[in-house]
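S.K.: File coords23.txt below, compact mmCIF, C-alpha atoms:
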# COMPACT_ATOMS: atom_id res chain seq x y z
CA MET U 1 -38.78 15.47 -45.90
CA SER U 2 -41.42 13.19 -44.35
CA LEU U 3 -43.83 11.11 -46.40
CA SER U 4 -46.78 13.24 -45.26
CA THR U 5 -44.93 16.42 -46.23
CA LEU U 6 -44.18 14.95 -49.65
CA ARG U 7 -47.82 14.10 -50.20
CA ALA U 8 -48.95 17.55 -49.10
CA ALA U 9 -46.48 19.21 -51.45
CA LEU U 10 -47.67 17.10 -54.35
CA LEU U 11 -51.33 17.88 -53.65
CA ALA U 12 -50.60 21.58 -53.41
CA ALA U 13 -48.61 21.56 -56.64
CA GLY U 14 -51.40 19.68 -58.38
CA ALA U 15 -53.95 22.25 -57.24
CA VAL U 16 -51.80 25.10 -58.55
CA PHE U 17 -51.37 23.47 -61.95
CA ALA U 18 -55.05 22.58 -62.18
CA GLY U 19 -56.06 26.14 -61.40
CA ALA U 20 -53.60 27.57 -63.91
CA SER U 21 -54.90 25.40 -66.74
CA ALA U 22 -57.27 27.36 -68.93
CA VAL U 23 -58.35 24.36 -70.97
CA GLN U 24 -59.34 21.06 -69.40
CA ALA U 25 -58.10 18.08 -71.39
CA ASP U 26 -59.78 14.69 -71.20
CA PRO U 27 -58.60 12.24 -68.52
CA VAL U 28 -56.28 9.43 -69.60
CA THR U 29 -56.63 5.85 -68.35
CA THR U 30 -54.48 2.98 -69.57
CA THR U 31 -52.72 -0.17 -68.37
CA ASP U 32 -48.95 -0.32 -67.84
CA LEU U 33 -46.70 -3.27 -68.65
CA ASN U 34 -47.23 -4.76 -65.18
CA GLY U 35 -50.99 -4.77 -65.71
CA ARG U 36 -51.60 -1.83 -63.36
CA THR U 37 -54.20 0.81 -64.19
CA VAL U 38 -52.71 4.28 -64.63
CA THR U 39 -55.03 7.29 -64.60
CA LEU U 40 -54.19 10.93 -65.24
CA ASP U 41 -56.53 13.92 -65.15
CA LYS U 42 -55.05 14.95 -68.51
CA PRO U 43 -52.07 13.92 -70.68
CA ALA U 44 -48.81 14.12 -68.74
CA GLU U 45 -47.04 17.46 -68.91
CA ARG U 46 -44.30 16.93 -66.31
CA ILE U 47 -42.61 13.55 -66.70
CA VAL U 48 -39.80 11.93 -64.72
CA MET U 49 -38.29 9.01 -66.63
CA ILE U 50 -36.13 6.59 -64.62
CA PRO U 51 -35.50 3.81 -67.23
CA ILE U 52 -32.51 4.90 -69.29
CA PRO U 53 -33.53 4.22 -72.94
CA SER U 54 -37.03 5.65 -72.66
CA SER U 55 -36.18 9.30 -72.13
CA SER U 56 -35.37 9.51 -75.85
CA THR U 57 -38.66 7.75 -76.61
CA VAL U 58 -40.58 10.45 -74.76
CA ILE U 59 -38.67 13.11 -76.71
CA ALA U 60 -39.50 11.35 -80.00
CA LEU U 61 -43.19 10.99 -79.17
CA ASP U 62 -43.48 14.53 -77.83
CA GLY U 63 -41.20 16.16 -80.40
CA THR U 64 -39.72 18.30 -77.62
CA THR U 65 -37.91 18.11 -74.27
CA ASP U 66 -40.32 20.60 -72.68
CA HIS U 67 -42.27 18.02 -70.70
CA LEU U 68 -39.35 15.85 -69.59
CA VAL U 69 -38.46 17.33 -66.19
CA GLY U 70 -36.29 14.52 -64.81
CA MET U 71 -34.27 11.61 -66.19
CA HIS U 72 -31.62 9.09 -65.20
CA PRO U 73 -28.05 10.50 -65.26
CA LEU U 74 -27.08 7.85 -67.81
CA SER U 75 -29.96 8.99 -70.01
CA LYS U 76 -28.54 12.48 -69.92
CA SER U 77 -25.04 11.30 -70.80
CA ALA U 78 -26.45 9.30 -73.73
CA ILE U 79 -28.32 12.37 -74.99
CA GLU U 80 -25.21 14.51 -74.63
CA GLU U 81 -23.13 11.91 -76.49
CA ALA U 82 -25.72 11.44 -79.24
CA ILE U 83 -27.36 13.75 -81.73
CA LEU U 84 -30.25 14.65 -79.41
CA GLY U 85 -27.82 16.82 -77.48
CA GLU U 86 -27.34 18.86 -80.66
CA PHE U 87 -31.03 18.88 -81.56
CA PHE U 88 -32.14 19.80 -78.05
CA PRO U 89 -29.33 21.64 -76.26
CA ASP U 90 -31.68 22.52 -73.38
CA ALA U 91 -31.71 18.82 -72.46
CA LYS U 92 -28.49 19.44 -70.53
CA ASP U 93 -30.57 21.42 -68.03
CA ILE U 94 -33.04 18.61 -67.27
CA ALA U 95 -32.67 17.36 -63.70
CA SER U 96 -30.84 14.06 -63.35
CA ASP U 97 -30.33 13.85 -59.57
CA ILE U 98 -33.22 11.41 -59.27
CA ILE U 99 -31.33 8.29 -58.14
CA ALA U 100 -30.98 7.53 -54.44
CA SER U 101 -27.82 8.69 -52.68
CA GLY U 102 -26.88 10.81 -55.68
CA GLY U 103 -26.02 7.72 -57.68
CA SER U 104 -25.25 7.59 -61.37
CA SER U 105 -26.33 3.97 -61.76
CA GLY U 106 -29.09 1.77 -60.43
CA PHE U 107 -32.77 2.62 -60.30
CA SER U 108 -33.61 3.23 -56.63
CA PRO U 109 -35.41 6.57 -56.73
CA ASN U 110 -34.51 9.73 -54.85
CA VAL U 111 -38.13 10.38 -53.93
CA GLU U 112 -37.53 13.80 -52.40
CA ALA U 113 -35.73 15.07 -55.51
CA ILE U 114 -38.39 13.58 -57.78
CA ALA U 115 -41.25 15.09 -55.76
CA ALA U 116 -39.57 18.49 -55.92
CA LEU U 117 -39.93 18.35 -59.72
CA ARG U 118 -43.74 18.24 -59.29
CA PRO U 119 -44.25 15.43 -61.84
CA ASP U 120 -47.69 14.31 -62.91
CA LEU U 121 -46.12 11.04 -64.13
CA VAL U 122 -43.12 8.99 -63.05
CA VAL U 123 -42.05 6.02 -65.19
CA GLN U 124 -40.11 3.21 -63.50
CA TRP U 125 -38.94 -0.30 -64.35
CA GLY U 126 -41.54 -2.92 -63.50
CA HIS U 127 -39.37 -6.04 -63.55
CA GLN U 128 -36.70 -5.19 -60.98
CA GLY U 129 -38.63 -5.62 -57.77
CA GLU U 130 -41.03 -3.68 -55.59
CA ASP U 131 -38.19 -1.98 -53.72
CA ILE U 132 -37.72 0.56 -56.52
CA VAL U 133 -41.46 1.10 -57.01
CA ALA U 134 -42.98 1.28 -53.53
CA PRO U 135 -41.14 4.49 -52.48
CA LEU U 136 -42.76 6.28 -55.43
CA THR U 137 -46.29 5.00 -54.95
CA ASN U 138 -46.11 5.43 -51.17
CA ALA U 139 -45.27 9.09 -51.76
CA GLY U 140 -48.43 9.47 -53.81
CA LEU U 141 -46.62 9.81 -57.14
CA THR U 142 -48.54 8.55 -60.16
CA THR U 143 -46.26 5.82 -61.49
CA ALA U 144 -46.33 3.76 -64.68
CA LEU U 145 -44.19 0.63 -64.95
CA ILE U 146 -42.47 -0.68 -68.06
CA GLN U 147 -40.56 -3.87 -68.88
CA TYR U 148 -37.72 -4.55 -71.26
CA GLY U 149 -36.18 -7.09 -73.56
CA THR U 150 -38.44 -8.05 -76.45
CA GLU U 151 -39.88 -6.37 -79.52
CA GLU U 152 -43.38 -6.88 -78.13
CA LYS U 153 -42.45 -5.01 -74.96
CA ALA U 154 -40.73 -2.29 -76.97
CA ARG U 155 -43.96 -1.70 -78.86
CA ASP U 156 -45.97 -1.76 -75.64
CA ILE U 157 -43.66 0.90 -74.13
CA ILE U 158 -44.18 3.15 -77.14
CA LYS U 159 -47.95 2.65 -76.95
CA LEU U 160 -48.04 3.28 -73.20
CA LEU U 161 -45.94 6.44 -73.29
CA GLY U 162 -47.69 7.78 -76.38
CA THR U 163 -51.05 7.30 -74.68
CA LEU U 164 -49.97 8.89 -71.39
CA ILE U 165 -48.56 12.01 -73.04
CA GLY U 166 -51.47 12.33 -75.47
CA LYS U 167 -49.72 11.50 -78.75
CA PRO U 168 -51.81 8.66 -80.26
CA GLU U 169 -51.13 9.63 -83.89
CA LYS U 170 -47.37 9.71 -83.33
CA LEU U 171 -47.30 6.30 -81.65
CA ASP U 172 -49.42 4.81 -84.45
CA GLU U 173 -46.96 6.18 -87.01
CA ILE U 174 -43.98 4.67 -85.19
CA ILE U 175 -45.66 1.27 -84.80
CA ALA U 176 -46.64 1.26 -88.48
CA TRP U 177 -43.01 1.97 -89.39
CA ARG U 178 -41.92 -1.08 -87.41
CA ASP U 179 -44.53 -3.23 -89.15
CA ASP U 180 -43.59 -1.94 -92.60
CA THR U 181 -39.86 -2.44 -92.07
CA THR U 182 -40.37 -5.96 -90.72
CA ALA U 183 -42.50 -6.87 -93.72
CA LYS U 184 -39.94 -5.51 -96.20
CA ILE U 185 -37.08 -7.44 -94.60
CA GLU U 186 -39.06 -10.67 -94.37
CA ALA U 187 -40.05 -10.34 -98.04
CA GLY U 188 -36.44 -9.72 -99.04
CA LEU U 189 -35.28 -12.84 -97.19
CA GLU U 190 -38.01 -15.13 -98.47
CA GLY U 191 -36.54 -18.42 -99.65
CA LEU U 192 -33.09 -17.74 -98.18
CA SER U 193 -31.49 -20.96 -96.89
CA ASP U 194 -29.81 -21.24 -93.50
CA GLU U 195 -26.53 -21.89 -95.28
CA ASP U 196 -26.73 -18.42 -96.80
CA LYS U 197 -27.24 -16.70 -93.44
CA PRO U 198 -23.97 -15.39 -91.94
CA SER U 199 -23.22 -16.06 -88.28
CA VAL U 200 -23.28 -12.86 -86.25
CA LEU U 201 -21.85 -12.20 -82.79
CA TYR U 202 -22.97 -9.20 -80.74
CA LEU U 203 -20.63 -8.26 -77.90
CA LEU U 204 -22.29 -6.25 -75.13
CA ARG U 205 -18.87 -5.82 -73.55
CA ALA U 206 -15.53 -5.97 -75.30
CA GLN U 207 -13.09 -3.50 -73.75
CA THR U 208 -11.94 -5.24 -70.58
CA GLU U 209 -14.09 -8.37 -70.82
CA LEU U 210 -16.11 -10.17 -73.47
CA ARG U 211 -19.84 -10.56 -72.94
CA ALA U 212 -21.98 -12.07 -75.69
CA SER U 213 -25.71 -11.89 -76.37
CA GLY U 214 -27.33 -15.29 -76.70
CA THR U 215 -30.82 -16.58 -77.34
CA GLY U 216 -33.62 -14.51 -75.85
CA SER U 217 -31.80 -11.18 -76.07
CA TYR U 218 -33.03 -8.29 -78.19
CA ASN U 219 -29.81 -8.52 -80.19
CA ASP U 220 -30.69 -12.13 -80.99
CA PHE U 221 -34.09 -10.91 -82.23
CA TYR U 222 -32.74 -8.46 -84.78
CA ILE U 223 -29.84 -10.67 -85.86
CA ASN U 224 -32.40 -13.27 -86.91
CA LEU U 225 -34.79 -10.69 -88.35
CA ALA U 226 -32.01 -9.27 -90.55
CA GLY U 227 -31.12 -12.69 -91.96
CA GLY U 228 -28.30 -13.76 -89.69
CA LYS U 229 -27.65 -16.62 -87.30
CA ASN U 230 -26.64 -15.80 -83.75
CA ALA U 231 -23.14 -17.22 -83.25
CA ALA U 232 -23.82 -17.30 -79.49
CA ALA U 233 -27.21 -19.02 -79.78
CA GLU U 234 -26.08 -21.77 -77.40
CA LEU U 235 -26.06 -19.17 -74.62
CA GLN U 236 -29.18 -17.90 -72.89
CA GLY U 237 -29.25 -14.15 -72.45
CA LEU U 238 -26.08 -12.15 -71.84
CA LYS U 239 -23.09 -14.21 -70.74
CA PRO U 240 -19.33 -13.70 -70.28
CA VAL U 241 -17.15 -15.54 -72.79
CA ASN U 242 -13.44 -15.68 -73.61
CA ALA U 243 -11.53 -15.14 -76.84
CA GLU U 244 -11.07 -18.86 -77.35
CA GLN U 245 -14.83 -19.39 -77.30
CA VAL U 246 -15.31 -16.61 -79.87
CA ALA U 247 -12.62 -18.21 -82.02
CA ALA U 248 -14.43 -21.55 -81.81
CA TRP U 249 -17.66 -19.90 -82.96
CA ASN U 250 -15.69 -18.11 -85.69
CA PRO U 251 -18.44 -15.59 -86.52
CA ASP U 252 -18.76 -14.11 -89.99
CA VAL U 253 -19.78 -10.73 -88.54
CA ILE U 254 -19.01 -9.10 -85.17
CA LEU U 255 -21.12 -6.25 -83.81
CA LEU U 256 -19.55 -4.14 -81.06
CA ASN U 257 -21.76 -2.44 -78.52
CA GLY U 258 -22.35 1.30 -78.53
CA PHE U 259 -22.26 1.60 -74.73
CA GLU U 260 -18.49 1.52 -74.25
CA SER U 261 -17.56 4.94 -75.56
CA GLU U 262 -13.85 4.17 -76.03
CA LEU U 263 -14.42 0.83 -77.75
CA ASP U 264 -13.06 0.72 -81.30
CA VAL U 265 -13.16 -1.94 -84.02
CA SER U 266 -9.37 -2.17 -83.62
CA ARG U 267 -10.13 -4.13 -80.43
CA ILE U 268 -11.01 -7.07 -82.68
CA TYR U 269 -8.62 -6.50 -85.55
CA ASP U 270 -5.56 -6.10 -83.29
CA ASP U 271 -6.33 -9.05 -81.03
CA PRO U 272 -4.14 -12.10 -81.82
CA ILE U 273 -7.09 -14.47 -81.38
CA LEU U 274 -10.13 -12.40 -82.38
CA GLY U 275 -8.24 -10.96 -85.33
CA ALA U 276 -8.12 -14.44 -86.89
CA THR U 277 -11.91 -14.86 -87.04
CA ASN U 278 -13.79 -14.80 -90.33
CA ALA U 279 -15.32 -11.46 -89.30
CA ALA U 280 -11.94 -9.79 -88.88
CA ILE U 281 -10.39 -11.33 -91.98
CA SER U 282 -13.31 -10.23 -94.16
CA LYS U 283 -13.51 -6.76 -92.55
CA ARG U 284 -17.00 -7.34 -91.18
CA VAL U 285 -16.55 -5.86 -87.71
CA TYR U 286 -18.82 -2.90 -86.98
CA LYS U 287 -19.61 -0.74 -83.99
CA MET U 288 -23.32 -0.14 -83.47
CA PRO U 289 -24.52 3.33 -84.52
CA ILE U 290 -25.82 5.91 -82.07
CA GLY U 291 -28.69 8.18 -83.06
CA GLY U 292 -31.40 9.55 -80.79
CA TYR U 293 -30.31 6.64 -78.63
CA ARG U 294 -27.88 3.77 -79.08
CA TRP U 295 -29.09 1.38 -81.76
CA ASP U 296 -28.23 -1.74 -79.72
CA PRO U 297 -31.35 -1.97 -77.50
CA PRO U 298 -34.97 -1.52 -78.55
CA SER U 299 -36.01 2.10 -79.07
CA GLN U 300 -38.13 4.33 -81.27
CA GLU U 301 -35.36 4.06 -83.92
CA SER U 302 -35.13 0.26 -84.09
CA PRO U 303 -36.28 0.00 -87.74
CA LEU U 304 -33.10 1.87 -88.68
CA THR U 305 -31.07 -0.77 -86.82
CA TRP U 306 -32.84 -3.53 -88.71
CA GLN U 307 -32.33 -1.88 -92.10
CA TRP U 308 -28.67 -1.14 -91.36
CA LEU U 309 -27.94 -4.72 -90.32
CA ALA U 310 -29.95 -6.36 -93.12
CA THR U 311 -27.98 -4.29 -95.64
CA LEU U 312 -24.65 -5.33 -94.10
CA LEU U 313 -25.57 -9.00 -93.90
CA HIS U 314 -27.18 -9.23 -97.35
CA PRO U 315 -26.03 -6.35 -99.58
CA ASP U 316 -27.21 -8.30 -102.61
CA LEU U 317 -30.78 -8.50 -101.28
CA PHE U 318 -31.34 -5.07 -99.73
CA ASP U 319 -30.87 -1.56 -100.95
CA PHE U 320 -32.23 0.50 -98.06
CA ASP U 321 -31.41 4.18 -98.34
CA ILE U 322 -30.21 4.46 -94.74
CA ARG U 323 -29.16 8.09 -95.01
CA GLY U 324 -32.51 8.99 -96.54
CA GLU U 325 -34.36 7.01 -93.90
CA ILE U 326 -32.48 8.79 -91.12
CA THR U 327 -33.20 12.18 -92.68
CA GLY U 328 -36.91 11.50 -93.17
CA TRP U 329 -37.58 9.83 -89.87
CA TYR U 330 -35.59 12.26 -87.77
CA ALA U 331 -37.78 15.01 -89.19
CA LYS U 332 -40.84 13.01 -88.09
CA LEU U 333 -39.49 11.90 -84.72
CA TYR U 334 -37.59 14.98 -83.58
CA GLY U 335 -38.64 17.75 -85.95
CA GLN U 336 -35.00 18.13 -87.01
CA THR U 337 -33.10 17.40 -90.22
CA PRO U 338 -29.56 16.10 -89.61
CA THR U 339 -26.65 17.33 -91.71
CA ALA U 340 -24.48 14.98 -93.77
CA GLU U 341 -21.80 15.26 -91.08
CA GLN U 342 -24.29 14.39 -88.35
CA ILE U 343 -25.43 11.31 -90.27
CA ASP U 344 -21.78 10.28 -90.61
CA GLY U 345 -21.54 10.54 -86.83
CA ILE U 346 -24.68 8.48 -86.28
CA LEU U 347 -23.36 5.72 -88.54
CA ARG U 348 -19.82 6.02 -87.11
CA VAL U 349 -18.41 6.38 -90.60
CA SER U 350 -14.97 7.38 -89.29
CA MET U 351 -14.71 4.02 -87.53
CA ASN U 352 -16.87 1.70 -89.62
CA GLY U 353 -16.19 3.24 -93.02
CA GLY U 354 -13.42 0.79 -93.92
CA GLY U 355 -15.61 -2.24 -93.22
CA ALA U 356 -17.00 -4.48 -95.94
CA ASN U 357 -20.06 -3.02 -97.72
CA TYR U 358 -20.00 0.15 -95.63
CA ASP U 359 -19.66 2.19 -98.79
CA ARG U 360 -23.46 1.72 -99.04
CA PHE U 361 -23.82 4.23 -96.20
CA LEU U 362 -21.41 6.91 -97.36
CA ALA U 363 -22.59 10.28 -98.64
CA ASP U 364 -22.64 10.70 -102.42
Here is the file; what I need is its structure written in the form of structure tokens.

M.R.:
Amino acid sequence: MSLSTLRAALLAAGAVFAGASAVQADPVTTTDLNGRTVTLDKPAERIVMIPIPSSSTVIALDGTTDHLVGMHPLSKSAIEEAILGEFFPDAKDIASDIIASGGSSGFSPNVEAIAALRPDLVVQWGHQGEDIVAPLTNAGLTTALIQYGTEEKARDIIKLLGTLIGKPEKLDEIIAWRDDTTAKIEAGLEGLSDEDKPSVLYLLRAQTELRASGTGSYNDFYINLAGGKNAAAELQGLKPVNAEQVAAWNPDVILLNGFESELDVSRIYDDPILGATNAAISKRVYKMPIGGYRWDPPSQESPLTWQWLATLLHPDLFDFDIRGEITGWYAKLYGQTPTAEQIDGILRVSMNGGGANYDRFLAD
């Protein structure tokens, strides 16, 4: 399909949808995370989401999958693996063939497939080069760009998406939750000395290689927020390490990523080197939970990550009702109330349940 044909198809589709709309909503104008102005005739109703974590954010803000018409194939697999697949079974039917050459990774767009979905908004990464953006804008697709990696950017993504889909009250509620949780944790840690903060290592990869999160990562942010010290603070960003380096750091707590589906805490406990760390000896090895999205990176559910970790690091200082928080906030975010068994799955009780202090998260 030629570029001119794509543009013509998009204009025709826009005319059809405009004519079919009985009620004219107000136009929406905002600024994306790259400082570009984004204007829509009305709040977005057909959204293609290329960045992987943010499909679940759209679902949380919208309370439905009805307006998400396209998403990254890895977004779909995360939804199918997580509880959103149970909450919204129709999500399996959302198009995911939106990556160039039929790929399941990377972010180069399949512009023809995206245009065929007749989106009024496409969201793309804004920090990975113009090569993945220009094909969308050249085809006349309204595109908003987001960036990743810090709590500030996570909040800006929520604000941007909430504005573009016309959910200002929902985004305000989510941002207020982040503020409230941060304030409660900071108050609980007031006066705590560095000596009383356990060292924490987050491993982004652990199955076939070891990759640690150092200073500047989002994992570093919430380790410090929750009252820990990043064992890999000497590193910048995400870096490969070996078992001997981990042994030298000798972390008090090890967090395993939620991305490697087959990864189990036994990976640490059964390793002749890693199994001798303080974390393993004291049974403080945990795999990150998976809710509406994996709790490792920033998302709409991040306050649950912070509460979970603060409770594990300082069980004498915090008494967050994690199960109650999940129940209440899932009703607000997704309009669904999880069962006790579903909460067990989110918290990975079958795997993490034998870890130190994990009894705090078990059902009564």

S.K.: Considering all atoms listed in the file, return as a list of chain:residue names whatever protein or nucleic-acid residues lie within 8 Å of Leu309 (chain U), sequence-local ones (same chain, fewer than 3 positions apart) excluded.

M.R.: U:Ile223, U:Ala226, U:Thr305, U:Trp306, U:Leu312, U:Leu313

S.K.: Between CA of Gly126 (chain U) and CA of Gly35 (chain U), what is the distance, to one decimal in Å?

M.R.: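 Separation between CA of Gly126 (chain U) and CA of Gly35 (chain U): 9.9 Å.
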
S.K.: With distances taken over all atoms listed in the file, which of U:Lys184, U:His67, U:Arg205, U:Lys287 is nearest to Gly166 (chain U)?

M.R.: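 Selected residue with least distance to Gly166 (chain U): U:His67.
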
S.K.: Have a look at CA of Glu190 (chain U) and CA of Ile326 (chain U) and let me know their distance in Å, one decimal.

M.R.: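 Separation between CA of Glu190 (chain U) and CA of Ile326 (chain U): 25.6 Å.
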
S.K.: Taking all atoms listed in the file into account, which of U:Ser261, U:Thr57, U:Asn224, U:Thr29 comes nearest Leu171 (chain U)?

M.R.: U:Thr57
